[in-house]
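Working notes for the structure below.
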Amino acid sequence: MAALTHPTRAYPAATGGPRAVPRVRPRLPWLRHLGPNWYATVMGTAIVATAGAGLPADVPGLRTGCVALWALSVVALAVLVAARAGHWLCHRDRARAQLHDPAVAPFYGCSAMAPLAVGAATLAVGRDVLGEHAAVVMDAALFAVGTALGLVFAVAVPYLLVVRRRPGPGEVSPVWLLPVVPPMVSAAVGSSLVPFLPVGQGRETLLFGCYALFGLSLLATMTLLPLLFGRLLLHGPPPLALTPALFLVLGPLGQSVTAVGRLAEVAPGAVGSPYARALGAFAVVYGVPVLGFALLWLALAAALVVRAARRGMRFTMTWWAFTFPVGTCVTGTEALAGRTGLVALEWLAVGLFVLLVAAWAVVGWHTLRGLLGGTLLAAPQVPRPVTARTA
């Protein structure tokens, strides 16, 4: 019977002796711990290209650098999609565990935002390489995929949190915003496709559809922000490794300002003048206060990150929260500067872009070093059990 139950033995051989069964090694073992959070690398790279293309300043070599970053984001997206497919094929048990883990599932929102971010960069700077027609087709395809995934995850992940876990007030996390932000990104990206549709029903449908996506994400965000702010005030700072995730709050704020600004730009070609003027006014009336709150949160999150760094915060993939959310603030400020003509907003956009580039360079270097060293794809360390002493 021992031969039947032992994990490394088979049935006794004809000679009566047990025969060892070789352990089956999993295929592509380095993919086992690859999570959906890796799509943040694509988002953070693509947003630098998009933000740089919209800067009001003419910097020599900036456009070329943005094109290079767009190309890098396209390659990174293709590699990650293939790697995640291999993860599901070779490590299905781990993939299902990640999907049902309330701490990991919110990061599936990144898999929806990554194609949207690449699509936006394609139309912003990729057209220099592909041409306008190919860039529009690629952006439209990525917009369709990202929007569909975003709507699925905006429902599925909150459902998972509701039915599979009852988190306490102290467990509120900034990553809960990730599944509800993709529709806001779709609203901003979809605005650039409005002028390429036929005049009439096509343009109006996409325009108002983007506003519906904007409202969906905005109201969901507004329900979560008070919980997060209350968690900080009542329970103190988050764990050191999770502190950079506070920058995720900037994502829906900056992206919403970007969305209303860009939608207002294309509204005159899609709807009548009364609505177009109202939407233009809404872009300013909404955008300026929200940008002010975003700057407040940026200062608060930066102060908490400095505090965490002094207490020994080490690099993790959460550092990518320093890139895409800040990038949305750059694009939002650019949209406001273009609509109001304020030089102060132009300088603010340039300053935020410098911060974005610096953050991308630091985080990218640490990520590359972690990949080459094998630490980022290694199995997470399990804390050693604490045992009580006995007399």
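We name chains A, B, ... following the order of the structure tokens; residues begin at 1 in each chain, and ligands are numbered from 1 as shown.
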
- Any idea what's packed within 7 Å of segment 51-62 of chain A, counting only C-alpha atoms, ignoring anything in its chain fewer than 2 positions away? Could you give it as a ChimeraX atom specification? /A:47-49,64-66,124-125,327,330-331,334,346,350

- Within 12 Å of Val362 of chain A, counting only C-alpha atoms, which residues qualify if same-chain residues fewer than 4 places away don't, as a PyMOL selection string? chain A and resi 44+315+319-320+322-323+355-358+366-369

Report as CSV: every residue of segment 145-171 of chain A with an atom at most 9 Å from segment 84-105 of chain A, its closest pair of atoms, and their distance in Å to one decimal, counting only C-alpha atoms, with rows sorted by chain and ascending residue number.
residue,atom,partner,partner_atom,distance
A:Val157,CA,A:Ala105,CA,6.4
A:Leu160,CA,A:Pro102,CA,6.9
A:Leu161,CA,A:Pro102,CA,5.9
A:Arg164,CA,A:Pro102,CA,7.8
A:Arg165,CA,A:Pro102,CA,7.3

- Item | Exercise: segment 185-192 of chain A partners within 6 Å, only C-alpha atoms, chain neighbours under 2 positions left out, as a ChimeraX atom specification | /A:120,147,182-183,194,210,213-214,259,263

- Item | Polymer residues at most 8 Å from Ala335 of chain A, only C-alpha atoms, same-chain spacing of 2 or more positions, as a PyMOL selection string | chain A and resi 257-258+261-262+331-333+337-339

Keeping N, CA and C atoms for every residue in the selection just given, could you write it to a file as an mmCIF file, in the first residue's frame?
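Produced file selection-v7.cif, reproduced below:
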data_model
loop_
_atom_site.group_PDB
_atom_site.id
_atom_site.type_symbol
_atom_site.label_atom_id
_atom_site.label_comp_id
_atom_site.auth_asym_id
_atom_site.auth_seq_id
_atom_site.Cartn_x
_atom_site.Cartn_y
_atom_site.Cartn_z
ATOM 1 N N VAL A 257 -9.661 64.464 -16.047
ATOM 2 C CA VAL A 257 -9.413 65.804 -16.587
ATOM 3 C C VAL A 257 -9.005 65.702 -18.060
ATOM 4 N N THR A 258 -8.177 64.706 -18.377
ATOM 5 C CA THR A 258 -7.786 64.479 -19.768
ATOM 6 C C THR A 258 -8.997 64.165 -20.627
ATOM 7 N N GLY A 261 -11.332 67.170 -21.249
ATOM 8 C CA GLY A 261 -10.668 68.151 -22.093
ATOM 9 C C GLY A 261 -10.624 67.717 -23.545
ATOM 10 N N ARG A 262 -10.262 66.464 -23.775
ATOM 11 C CA ARG A 262 -10.160 65.979 -25.158
ATOM 12 C C ARG A 262 -11.536 65.793 -25.784
ATOM 13 N N THR A 331 -1.088 64.781 -18.966
ATOM 14 C CA THR A 331 -2.004 64.931 -20.093
ATOM 15 C C THR A 331 -3.220 65.783 -19.716
ATOM 16 N N GLY A 332 -3.683 65.650 -18.479
ATOM 17 C CA GLY A 332 -4.796 66.476 -18.031
ATOM 18 C C GLY A 332 -4.425 67.950 -17.970
ATOM 19 N N THR A 333 -3.238 68.234 -17.465
ATOM 20 C CA THR A 333 -2.773 69.619 -17.404
ATOM 21 C C THR A 333 -2.576 70.187 -18.801
ATOM 22 N N ALA A 337 -4.382 73.439 -20.215
ATOM 23 C CA ALA A 337 -3.579 74.552 -20.719
ATOM 24 C C ALA A 337 -4.011 74.944 -22.126
ATOM 25 N N GLY A 338 -4.301 73.945 -22.953
ATOM 26 C CA GLY A 338 -4.747 74.241 -24.308
ATOM 27 C C GLY A 338 -6.097 74.917 -24.354
ATOM 28 N N ARG A 339 -6.973 74.608 -23.405
ATOM 29 C CA ARG A 339 -8.323 75.179 -23.413
ATOM 30 C C ARG A 339 -8.352 76.565 -22.777
#

- Select, from A:Gly168, A:Gly351, A:Pro179, A:Pro239, the residue with the minimum atom-to-atom distance to Asn37 of chain A, counting only C-alpha atoms.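 Result for the nearest residue to Asn37 of chain A: A:Pro179.
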
- Could you work out how far atom CA of Ala82 of chain A lies from atom CA of Pro29 of chain A, giving the answer in Å with one decimal? 14.8 Å

- Message: What's around segment 107-113 of chain A at 9 Å? Count only C-alpha atoms, leave out sequence neighbours fewer than 6 positions away in its own chain, and write the answer as JSON, numbers by chain.
- Response: {"A": [35, 36, 37, 38, 39, 40, 43, 81, 99, 145, 146, 147, 148, 149, 150, 151, 153, 154, 157, 175, 176, 177, 178, 179, 180, 181, 182, 183, 185, 186]}
